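The file work00.pdb comes next; it holds PDB, C-alpha atoms.
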ATOM      1  CA  MET A   1      47.414  93.749  -8.869
ATOM      2  CA  GLN A   2      48.008  96.780  -6.679
ATOM      3  CA  ALA A   3      49.832  96.105  -3.391
ATOM      4  CA  PRO A   4      47.913  97.076  -0.267
ATOM      5  CA  ARG A   5      48.867 100.453   1.159
ATOM      6  CA  PHE A   6      50.708 100.578   4.470
ATOM      7  CA  ARG A   7      48.386 101.907   7.150
ATOM      8  CA  TRP A   8      50.446 104.656   8.756
ATOM      9  CA  HIS A   9      47.602 105.723  11.014
ATOM     10  CA  ILE A  10      47.980 102.450  12.940
ATOM     11  CA  VAL A  11      51.617 103.288  13.681
ATOM     12  CA  VAL A  12      50.679 106.816  14.726
ATOM     13  CA  PHE A  13      48.037 105.644  17.184
ATOM     14  CA  LEU A  14      50.155 102.815  18.621
ATOM     15  CA  ALA A  15      53.402 104.788  18.925
ATOM     16  CA  PRO A  16      52.567 106.659  22.190
ATOM     17  CA  ALA A  17      51.516 103.469  23.970
ATOM     18  CA  VAL A  18      54.582 101.592  22.694
ATOM     19  CA  LEU A  19      56.917 104.373  23.825
ATOM     20  CA  VAL A  20      55.362 104.535  27.294
ATOM     21  CA  TYR A  21      55.432 100.735  27.665
ATOM     22  CA  THR A  22      59.057 100.632  26.514
ATOM     23  CA  ALA A  23      60.102 103.349  28.968
ATOM     24  CA  VAL A  24      58.196 101.879  31.915
ATOM     25  CA  MET A  25      58.553  98.109  31.320
ATOM     26  CA  ILE A  26      60.992  97.063  28.594
ATOM     27  CA  PHE A  27      63.915  99.360  29.439
ATOM     28  CA  PRO A  28      63.824  98.610  33.218
ATOM     29  CA  LEU A  29      63.652  94.879  32.436
ATOM     30  CA  PHE A  30      66.780  94.881  30.279
ATOM     31  CA  ASN A  31      68.540  97.243  32.684
ATOM     32  CA  THR A  32      67.813  94.798  35.520
ATOM     33  CA  LEU A  33      69.256  91.930  33.481
ATOM     34  CA  ARG A  34      72.343  94.069  32.793
ATOM     35  CA  LEU A  35      72.845  94.953  36.462
ATOM     36  CA  ALA A  36      72.719  91.258  37.387
ATOM     37  CA  LEU A  37      75.937  90.719  35.404
ATOM     38  CA  TYR A  38      77.951  93.265  37.407
ATOM     39  CA  SER A  39      79.199  93.604  40.952
ATOM     40  CA  GLU A  40      80.623  96.378  43.114
ATOM     41  CA  ILE A  41      84.256  95.703  44.042
ATOM     42  CA  GLU A  42      85.958  98.495  46.010
ATOM     43  CA  ASN A  43      83.320 100.968  44.813
ATOM     44  CA  VAL A  44      84.039 100.042  41.194
ATOM     45  CA  ARG A  45      81.464  98.307  39.024
ATOM     46  CA  VAL A  46      83.033  95.180  37.544
ATOM     47  CA  PHE A  47      81.592  92.751  35.005
ATOM     48  CA  VAL A  48      81.344  89.331  36.684
ATOM     49  CA  GLY A  49      79.122  87.457  34.238
ATOM     50  CA  LEU A  50      77.011  84.786  35.939
ATOM     51  CA  ASP A  51      78.841  84.905  39.280
ATOM     52  CA  ASN A  52      75.890  86.567  40.999
ATOM     53  CA  PHE A  53      73.627  83.737  39.897
ATOM     54  CA  LYS A  54      76.175  81.153  41.047
ATOM     55  CA  SER A  55      76.201  82.806  44.469
ATOM     56  CA  LEU A  56      72.407  82.996  44.536
ATOM     57  CA  PHE A  57      71.947  79.291  43.797
ATOM     58  CA  GLY A  58      75.091  77.818  45.350
ATOM     59  CA  ASP A  59      76.384  80.031  48.152
ATOM     60  CA  PRO A  60      74.767  78.947  51.456
ATOM     61  CA  LEU A  61      74.516  82.590  52.515
ATOM     62  CA  TRP A  62      72.176  83.327  49.598
ATOM     63  CA  SER A  63      70.789  79.969  48.490
ATOM     64  CA  LYS A  64      69.104  79.163  51.809
ATOM     65  CA  GLN A  65      67.115  82.396  51.683
ATOM     66  CA  PHE A  66      66.372  82.033  47.973
ATOM     67  CA  TRP A  67      65.042  78.469  48.149
ATOM     68  CA  ASN A  68      63.045  79.288  51.275
ATOM     69  CA  ALA A  69      61.430  82.270  49.514
ATOM     70  CA  LEU A  70      60.784  80.228  46.351
ATOM     71  CA  GLY A  71      59.152  77.426  48.350
ATOM     72  CA  ASN A  72      56.943  79.945  50.148
ATOM     73  CA  ASN A  73      55.992  81.446  46.793
ATOM     74  CA  PHE A  74      54.888  78.063  45.498
ATOM     75  CA  TRP A  75      52.852  77.401  48.653
ATOM     76  CA  PHE A  76      51.255  80.857  48.307
ATOM     77  CA  PHE A  77      50.380  79.972  44.706
ATOM     78  CA  CYS A  78      49.008  76.522  45.604
ATOM     79  CA  ILE A  79      46.648  78.009  48.198
ATOM     80  CA  HIS A  80      45.250  80.363  45.568
ATOM     81  CA  MET A  81      44.903  77.637  42.948
ATOM     82  CA  LEU A  82      43.257  75.151  45.326
ATOM     83  CA  VAL A  83      41.063  77.605  47.258
ATOM     84  CA  GLN A  84      40.591  80.901  45.434
ATOM     85  CA  ASN A  85      39.932  79.684  41.894
ATOM     86  CA  PRO A  86      37.504  76.838  42.775
ATOM     87  CA  ILE A  87      35.572  79.210  45.043
ATOM     88  CA  GLY A  88      35.543  81.824  42.267
ATOM     89  CA  ILE A  89      34.187  79.273  39.789
ATOM     90  CA  ALA A  90      31.515  78.106  42.249
ATOM     91  CA  LEU A  91      30.433  81.681  43.000
ATOM     92  CA  ALA A  92      30.275  82.501  39.286
ATOM     93  CA  ALA A  93      28.142  79.418  38.640
ATOM     94  CA  MET A  94      25.715  80.405  41.389
ATOM     95  CA  LEU A  95      25.547  84.082  40.417
ATOM     96  CA  SER A  96      24.922  83.241  36.772
ATOM     97  CA  HIS A  97      21.747  81.340  37.658
ATOM     98  CA  PRO A  98      18.857  83.235  36.023
ATOM     99  CA  ARG A  99      16.512  82.763  38.997
ATOM    100  CA  LEU A 100      18.904  84.155  41.624
ATOM    101  CA  ARG A 101      17.640  87.409  43.170
ATOM    102  CA  PHE A 102      19.946  90.317  44.063
ATOM    103  CA  ALA A 103      22.757  88.801  41.989
ATOM    104  CA  ALA A 104      24.181  92.257  41.213
ATOM    105  CA  LEU A 105      24.372  93.069  44.929
ATOM    106  CA  TYR A 106      26.210  89.825  45.673
ATOM    107  CA  ARG A 107      28.673  90.409  42.820
ATOM    108  CA  SER A 108      29.464  93.907  44.061
ATOM    109  CA  ALA A 109      29.912  92.765  47.670
ATOM    110  CA  ILE A 110      32.321  89.985  46.660
ATOM    111  CA  PHE A 111      34.280  92.186  44.252
ATOM    112  CA  ILE A 112      34.686  95.224  46.571
ATOM    113  CA  PRO A 113      37.714  93.793  48.505
ATOM    114  CA  THR A 114      39.566  93.550  45.191
ATOM    115  CA  ILE A 115      39.713  97.336  44.826
ATOM    116  CA  LEU A 116      40.860  97.922  48.420
ATOM    117  CA  SER A 117      44.424  99.010  49.125
ATOM    118  CA  PHE A 118      46.923  96.343  50.161
ATOM    119  CA  VAL A 119      47.874  98.547  53.101
ATOM    120  CA  ILE A 120      44.285  98.699  54.348
ATOM    121  CA  VAL A 121      43.781  94.948  53.930
ATOM    122  CA  GLY A 122      47.090  94.052  55.580
ATOM    123  CA  PHE A 123      46.639  96.264  58.639
ATOM    124  CA  ALA A 124      42.932  95.438  58.979
ATOM    125  CA  TRP A 125      43.513  91.678  59.044
ATOM    126  CA  LYS A 126      46.523  92.088  61.304
ATOM    127  CA  LEU A 127      44.211  93.798  63.790
ATOM    128  CA  ILE A 128      41.407  91.268  63.289
ATOM    129  CA  LEU A 129      43.704  88.295  63.938
ATOM    130  CA  SER A 130      45.543  89.885  66.852
ATOM    131  CA  PRO A 131      45.224  87.757  70.030
ATOM    132  CA  ILE A 132      45.304  90.927  72.173
ATOM    133  CA  TRP A 133      42.862  93.396  70.616
ATOM    134  CA  GLY A 134      41.539  91.515  67.586
ATOM    135  CA  ILE A 135      37.889  90.582  67.114
ATOM    136  CA  ALA A 136      38.605  87.051  65.850
ATOM    137  CA  PRO A 137      38.911  85.547  69.360
ATOM    138  CA  SER A 138      35.649  87.185  70.434
ATOM    139  CA  MET A 139      33.814  85.986  67.324
ATOM    140  CA  LEU A 140      35.003  82.407  67.788
ATOM    141  CA  LYS A 141      34.117  82.567  71.480
ATOM    142  CA  ALA A 142      30.586  83.730  70.598
ATOM    143  CA  VAL A 143      29.998  80.546  68.594
ATOM    144  CA  GLY A 144      31.739  78.265  71.091
ATOM    145  CA  LEU A 145      34.943  77.778  69.077
ATOM    146  CA  ARG A 146      37.351  79.888  71.145
ATOM    147  CA  SER A 147      39.659  76.901  71.606
ATOM    148  CA  LEU A 148      40.369  76.884  67.856
ATOM    149  CA  PHE A 149      41.879  80.358  67.905
ATOM    150  CA  ALA A 150      45.650  80.727  67.739
ATOM    151  CA  PRO A 151      47.965  83.650  66.929
ATOM    152  CA  TRP A 152      48.190  82.484  63.337
ATOM    153  CA  LEU A 153      50.310  85.396  62.122
ATOM    154  CA  GLY A 154      52.769  84.776  64.940
ATOM    155  CA  LYS A 155      53.362  81.069  64.327
ATOM    156  CA  GLU A 156      55.824  79.879  61.706
ATOM    157  CA  ASP A 157      53.654  76.925  60.682
ATOM    158  CA  TYR A 158      50.509  78.992  60.053
ATOM    159  CA  ALA A 159      51.570  82.555  59.176
ATOM    160  CA  LEU A 160      51.996  82.067  55.424
ATOM    161  CA  THR A 161      48.797  80.034  55.090
ATOM    162  CA  ALA A 162      46.858  82.680  57.046
ATOM    163  CA  LEU A 163      48.145  85.457  54.781
ATOM    164  CA  SER A 164      47.386  83.335  51.713
ATOM    165  CA  LEU A 165      43.766  82.985  52.837
ATOM    166  CA  VAL A 166      43.583  86.731  53.449
ATOM    167  CA  SER A 167      44.787  87.244  49.866
ATOM    168  CA  VAL A 168      42.164  84.720  48.686
ATOM    169  CA  TRP A 169      39.465  86.728  50.469
ATOM    170  CA  GLN A 170      40.648  89.906  48.767
ATOM    171  CA  PHE A 171      41.020  88.604  45.211
ATOM    172  CA  VAL A 172      38.396  85.879  44.840
ATOM    173  CA  GLY A 173      36.286  88.456  43.001
ATOM    174  CA  ILE A 174      38.622  88.462  39.991
ATOM    175  CA  PRO A 175      38.213  84.795  38.952
ATOM    176  CA  MET A 176      34.549  85.054  39.877
ATOM    177  CA  MET A 177      33.946  87.935  37.445
ATOM    178  CA  LEU A 178      36.028  86.388  34.638
ATOM    179  CA  ILE A 179      34.222  83.049  34.903
ATOM    180  CA  TYR A 180      30.891  84.848  35.277
ATOM    181  CA  ALA A 181      31.523  86.688  31.992
ATOM    182  CA  ALA A 182      32.541  83.421  30.320
ATOM    183  CA  LEU A 183      29.359  81.691  31.513
ATOM    184  CA  LEU A 184      27.180  84.511  30.205
ATOM    185  CA  SER A 185      28.859  84.252  26.803
ATOM    186  CA  ILE A 186      27.698  80.635  26.320
ATOM    187  CA  PRO A 187      24.951  80.648  23.670
ATOM    188  CA  ASP A 188      21.485  79.792  24.942
ATOM    189  CA  GLU A 189      21.014  77.410  22.019
ATOM    190  CA  ILE A 190      23.682  75.064  23.422
ATOM    191  CA  LEU A 191      22.046  74.995  26.853
ATOM    192  CA  GLU A 192      18.607  74.476  25.343
ATOM    193  CA  ALA A 193      19.908  71.586  23.250
ATOM    194  CA  GLY A 194      21.333  70.069  26.416
ATOM    195  CA  GLU A 195      17.978  70.414  28.182
ATOM    196  CA  ILE A 196      16.293  68.597  25.313
ATOM    197  CA  ASP A 197      18.766  65.743  25.842
ATOM    198  CA  GLY A 198      17.990  65.744  29.567
ATOM    199  CA  ILE A 199      21.162  67.537  30.729
ATOM    200  CA  THR A 200      20.031  69.991  33.391
ATOM    201  CA  GLY A 201      21.138  71.326  36.777
ATOM    202  CA  MET A 202      24.641  70.360  37.901
ATOM    203  CA  SER A 203      24.933  67.968  34.974
ATOM    204  CA  SER A 204      24.622  70.953  32.647
ATOM    205  CA  PHE A 205      27.495  72.709  34.396
ATOM    206  CA  TRP A 206      29.878  69.728  34.375
ATOM    207  CA  LYS A 207      29.099  68.452  30.884
ATOM    208  CA  ILE A 208      28.403  71.663  28.946
ATOM    209  CA  LYS A 209      29.467  74.825  30.730
ATOM    210  CA  LEU A 210      32.749  73.688  32.285
ATOM    211  CA  PRO A 211      34.314  72.410  29.022
ATOM    212  CA  LEU A 212      33.347  75.659  27.289
ATOM    213  CA  ILE A 213      34.963  77.880  29.938
ATOM    214  CA  LEU A 214      38.243  75.905  30.119
ATOM    215  CA  PRO A 215      40.135  78.619  28.168
ATOM    216  CA  SER A 216      39.003  81.208  30.714
ATOM    217  CA  ILE A 217      40.087  78.939  33.572
ATOM    218  CA  GLY A 218      43.478  78.589  31.891
ATOM    219  CA  ILE A 219      43.847  82.365  31.636
ATOM    220  CA  ILE A 220      42.892  82.717  35.306
ATOM    221  CA  SER A 221      45.538  80.127  36.221
ATOM    222  CA  ILE A 222      48.193  82.104  34.355
ATOM    223  CA  LEU A 223      47.122  85.367  35.991
ATOM    224  CA  THR A 224      47.172  83.665  39.403
ATOM    225  CA  PHE A 225      50.675  82.318  38.798
ATOM    226  CA  VAL A 226      52.079  85.664  37.683
ATOM    227  CA  GLY A 227      50.233  87.633  40.371
ATOM    228  CA  ASN A 228      51.383  85.385  43.217
ATOM    229  CA  PHE A 229      55.024  85.529  42.170
ATOM    230  CA  ASN A 230      54.752  89.311  42.117
ATOM    231  CA  ALA A 231      53.089  89.353  45.545
ATOM    232  CA  PHE A 232      54.829  91.698  47.951
ATOM    233  CA  ASP A 233      52.477  94.325  49.349
ATOM    234  CA  LEU A 234      50.397  92.128  51.657
ATOM    235  CA  ILE A 235      53.410  90.335  53.159
ATOM    236  CA  TYR A 236      55.291  93.600  53.658
ATOM    237  CA  THR A 237      52.291  95.336  55.236
ATOM    238  CA  ALA A 238      51.370  92.523  57.615
ATOM    239  CA  GLN A 239      54.773  91.066  58.496
ATOM    240  CA  GLY A 240      57.311  93.735  57.520
ATOM    241  CA  ALA A 241      60.394  93.456  55.314
ATOM    242  CA  LEU A 242      61.789  90.609  57.450
ATOM    243  CA  ALA A 243      58.669  88.546  56.636
ATOM    244  CA  GLY A 244      58.471  87.043  60.110
ATOM    245  CA  PRO A 245      58.296  85.059  62.129
ATOM    246  CA  ASP A 246      61.795  83.812  61.257
ATOM    247  CA  PHE A 247      61.299  84.393  57.496
ATOM    248  CA  SER A 248      58.377  81.927  57.409
ATOM    249  CA  THR A 249      56.382  84.307  55.183
ATOM    250  CA  ASP A 250      59.358  85.405  53.094
ATOM    251  CA  ILE A 251      58.689  85.297  49.356
ATOM    252  CA  LEU A 252      60.852  86.287  46.409
ATOM    253  CA  GLY A 253      59.405  89.819  46.416
ATOM    254  CA  THR A 254      60.371  90.560  50.021
ATOM    255  CA  PHE A 255      63.710  88.782  49.602
ATOM    256  CA  MET A 256      64.514  90.938  46.580
ATOM    257  CA  TYR A 257      63.411  94.096  48.422
ATOM    258  CA  ARG A 258      65.726  93.452  51.369
ATOM    259  CA  THR A 259      68.610  92.568  49.077
ATOM    260  CA  PHE A 260      68.222  95.465  46.649
ATOM    261  CA  PHE A 261      67.453  98.315  49.060
ATOM    262  CA  GLY A 262      68.870  96.931  52.295
ATOM    263  CA  PHE A 263      67.131  96.757  55.657
ATOM    264  CA  GLN A 264      68.212  97.728  59.159
ATOM    265  CA  LEU A 265      71.949  96.850  59.384
ATOM    266  CA  GLN A 266      71.993  95.093  56.008
ATOM    267  CA  LEU A 267      73.333  97.249  53.178
ATOM    268  CA  GLY A 268      71.599  97.153  49.821
ATOM    269  CA  ASP A 269      73.158  95.257  46.922
ATOM    270  CA  PRO A 270      71.497  96.311  43.639
ATOM    271  CA  ASN A 271      73.444  93.709  41.657
ATOM    272  CA  MET A 272      72.341  90.726  43.736
ATOM    273  CA  GLY A 273      68.862  92.231  43.902
ATOM    274  CA  SER A 274      68.838  92.359  40.105
ATOM    275  CA  ALA A 275      69.959  88.725  39.991
ATOM    276  CA  ILE A 276      66.992  87.767  42.184
ATOM    277  CA  ALA A 277      64.647  89.805  39.968
ATOM    278  CA  SER A 278      66.083  88.115  36.860
ATOM    279  CA  ALA A 279      65.565  84.689  38.438
ATOM    280  CA  MET A 280      61.957  85.661  39.207
ATOM    281  CA  PHE A 281      61.471  86.729  35.588
ATOM    282  CA  ALA A 282      62.858  83.415  34.323
ATOM    283  CA  ILE A 283      60.616  81.405  36.689
ATOM    284  CA  ILE A 284      57.535  83.362  35.645
ATOM    285  CA  LEU A 285      58.404  83.026  31.941
ATOM    286  CA  ILE A 286      58.936  79.247  32.227
ATOM    287  CA  GLY A 287      55.736  78.865  34.244
ATOM    288  CA  VAL A 288      53.644  80.830  31.745
ATOM    289  CA  CYS A 289      55.059  78.835  28.809
ATOM    290  CA  PHE A 290      54.272  75.587  30.644
ATOM    291  CA  TYR A 291      50.699  76.718  31.325
ATOM    292  CA  LEU A 292      50.150  77.758  27.721
ATOM    293  CA  PHE A 293      51.456  74.398  26.507
ATOM    294  CA  ALA A 294      49.249  72.524  28.985
ATOM    295  CA  ILE A 295      46.163  74.534  28.005
ATOM    296  CA  GLN A 296      46.821  74.009  24.304
ATOM    297  CA  THR A 297      47.278  70.264  24.840
ATOM    298  CA  ARG A 298      44.097  69.999  26.867
ATOM    299  CA  MET A 299      42.103  71.910  24.271
ATOM    300  CA  ARG A 300      43.397  69.651  21.480
ATOM    301  CA  ARG A 301      42.356  66.575  23.440
ATOM    302  CA  TYR A 302      38.949  68.085  24.051
ATOM    303  CA  GLN A 303      38.508  68.841  20.353
ATOM    304  CA  LEU A 304      39.461  65.294  19.470
TER     305      LEU A 304
END

How does the structure come out when it is put into structure tokens?
Amino acid sequence: MQAPRFRWHIVVFLAPAVLVYTAVMIFPLFNTLRLALYSEIENVRVFVGLDNFKSLFGDPLWSKQFWNALGNNFWFFCIHMLVQNPIGIALAAMLSHPRLRFAALYRSAIFIPTILSFVIVGFAWKLILSPIWGIAPSMLKAVGLRSLFAPWLGKEDYALTALSLVSVWQFVGIPMMLIYAALLSIPDEILEAGEIDGITGMSSFWKIKLPLILPSIGIISILTFVGNFNAFDLIYTAQGALAGPDFSTDILGTFMYRTFFGFQLQLGDPNMGSAIASAMFAIILIGVCFYLFAIQTRMRRYQL
């Protein structure tokens, strides 16, 4: 029996993409991990092993900022999981209804903020929520709710939540479109069989559609987790590199930026910045593996 021939054309077509990905992603990743193992001592780069990580997790000078940023990152992620994704699923369910008119217009209107620049979104909402010249106080006053307004971006207890909801407004179109595509891919025969058995309306969504789109929901959860831990632009645009007030909106991205490049009177430390980036990579990797395991377990239970 003749052995199958090696398909060299596959290698030829994949090689450019692999080279670009290696140069842009793989090499910087390993270089960051390498930098985290060194330190500058009297302008000389010295190998220190895991000392940078020990300082990051144990030294009060670094650990307080790190754990504060990590906690804020998790809160940022929770807001998106509990608000953005359920709203996206609900919008997708409504827009996929065959009798809904102007569904394409609604989809476009909801998805447009997703393609806007972070800079535009950050500055626009900073102006909207401003207690001095923003339109939010006037809008609440027009409906008799002026007393509910507060300078949310200026209060430590509310600033991060307010920015999280702004991010939800901008990116709710992504889970909506992914779930919408998953709902459209459900065969009509399954839905018709459910109708014959008397499963219609909301019952059809909970008992038929939702179990079938669980893999898509799992993928959206992973994308949300990775995207929120890489969040930086919105916080930096709205609150600056110091992530005020009093670091209440500081996340790992802004913490790494200040450490790596320096800010104001603080000198940059590329080695500690690389240690923070490596810790972020490890957290994201562990989180993604956990999500994949949870999704696989849930799917096995569903099949059983």

Residue nearest A:Arg34 among A:Leu116, A:Ala136, A:Ile222, A:Ala275 (counting only C-alpha atoms):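 Of all the options, A:Ala275 lies closest to A:Arg34.
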
Would you compute, for all listed atoms of stretch 160-167 of chain A, the axis-aligned bounding box grown by 3 Å on each side, and then report its centre and edge lengths in Å rounded to one decimal, as JSON?
{"center_x": 47.8, "center_y": 83.6, "center_z": 53.5, "size_x": 14.4, "size_y": 13.2, "size_z": 13.2}

Show me the residues around (54.8, 78.7, 59.8) - criterion: an atom at most 9 Å away, only C-alpha atoms counted - as a PDB file with C-alpha atoms, in the frame of the given file.
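To be explicit, this is the file written out as part_5.pdb:
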ATOM      1  CA  TRP A 152      48.190  82.484  63.337  1.00  0.00           C
ATOM      2  CA  LEU A 153      50.310  85.396  62.122  1.00  0.00           C
ATOM      3  CA  GLY A 154      52.769  84.776  64.940  1.00  0.00           C
ATOM      4  CA  LYS A 155      53.362  81.069  64.327  1.00  0.00           C
ATOM      5  CA  GLU A 156      55.824  79.879  61.706  1.00  0.00           C
ATOM      6  CA  ASP A 157      53.654  76.925  60.682  1.00  0.00           C
ATOM      7  CA  TYR A 158      50.509  78.992  60.053  1.00  0.00           C
ATOM      8  CA  ALA A 159      51.570  82.555  59.176  1.00  0.00           C
ATOM      9  CA  LEU A 160      51.996  82.067  55.424  1.00  0.00           C
ATOM     10  CA  THR A 161      48.797  80.034  55.090  1.00  0.00           C
ATOM     11  CA  PRO A 245      58.296  85.059  62.129  1.00  0.00           C
ATOM     12  CA  ASP A 246      61.795  83.812  61.257  1.00  0.00           C
ATOM     13  CA  PHE A 247      61.299  84.393  57.496  1.00  0.00           C
ATOM     14  CA  SER A 248      58.377  81.927  57.409  1.00  0.00           C
ATOM     15  CA  THR A 249      56.382  84.307  55.183  1.00  0.00           C
TER      16      THR A 249
END

**OP:** Any chance you could resolve the PyMOL selection byres ((chain A and resi 55) around 12) against this file and give the residues as a ChimeraX atom specification?
**Re:** /A:36,39,48-54,56-66,271-273,275-276

For this session: Excluding A:Ile213 and any residue of its chain fewer than 4 positions from it, enumerate the residues within 7 Å of it, using only C-alpha atoms, and give them as a list of chain:residue names.
Result: A:Ala182, A:Leu183, A:Lys209, A:Ile217

Residues of stretch 56-84 of chain A at most 12 Å from stretch 283-300 of chain A: nearest atom pair and distance in Å, only C-alpha atoms, as CSV:
residue,atom,partner,partner_atom,distance
A:Leu70,CA,A:Ile283,CA,9.7
A:Asn73,CA,A:Ile283,CA,11.1
A:Phe74,CA,A:Ile283,CA,11.0
A:Phe77,CA,A:Gly287,CA,11.8

| message | Need to verify the contact set: stretch 94-105 of chain A, 12 Å, all atoms listed in the file, exclusion of same-chain residues closer than 6 positions in sequence. Can you return it as a PyMOL selection string? | response | chain A and resi 87-88+111-112+173+176-186+188+201-202+204-205+209

Counting all atoms listed in the file, I want the residues whose atoms come within 12 Å of (51.0, 89.4, 50.3) in the file frame, returned as a PyMOL selection string. chain A and resi 72-73+76-77+80+117-119+121-123+125+159-171+227-241+243+249-254

Got a sec to resolve the PyMOL selection byres ((chain A and resi 149) around 10) on this structure and send the residues as a count of residues only? 15

Inset, instruction - Figure out the distance between atom CA of A:Thr224 and atom CA of A:Met81, please, to one decimal in Å. - result: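 Atom-to-atom, atom CA of A:Met81 to atom CA of A:Thr224, that is 7.4 Å.
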
Closest of A:Gly144, A:Pro28, A:Pro215, A:Gly71 to A:Ser274, counting all atoms listed in the file, is A:Pro28

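Take the candidates A:Gln84, A:Ser221, A:Thr22, A:Thr32 and check each one against A:Ala279 using only C-alpha atoms; the shortest distance goes to A:Thr32.
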
#### Entry: Selected residue of minimal separation from A:Leu242 among A:Phe225, A:Val12, A:Val143, A:Gln266, counting all atoms listed in the file
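Looking only at the distances to A:Leu242, the closest residue turns out to be A:Gln266.
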
- [ ] Record the distance separating atom CA of A:Pro211 and atom CA of A:Glu192, expressed in Å with one decimal.
- [x]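 Separating atom CA of A:Pro211 from atom CA of A:Glu192 is a distance of 16.3 Å.
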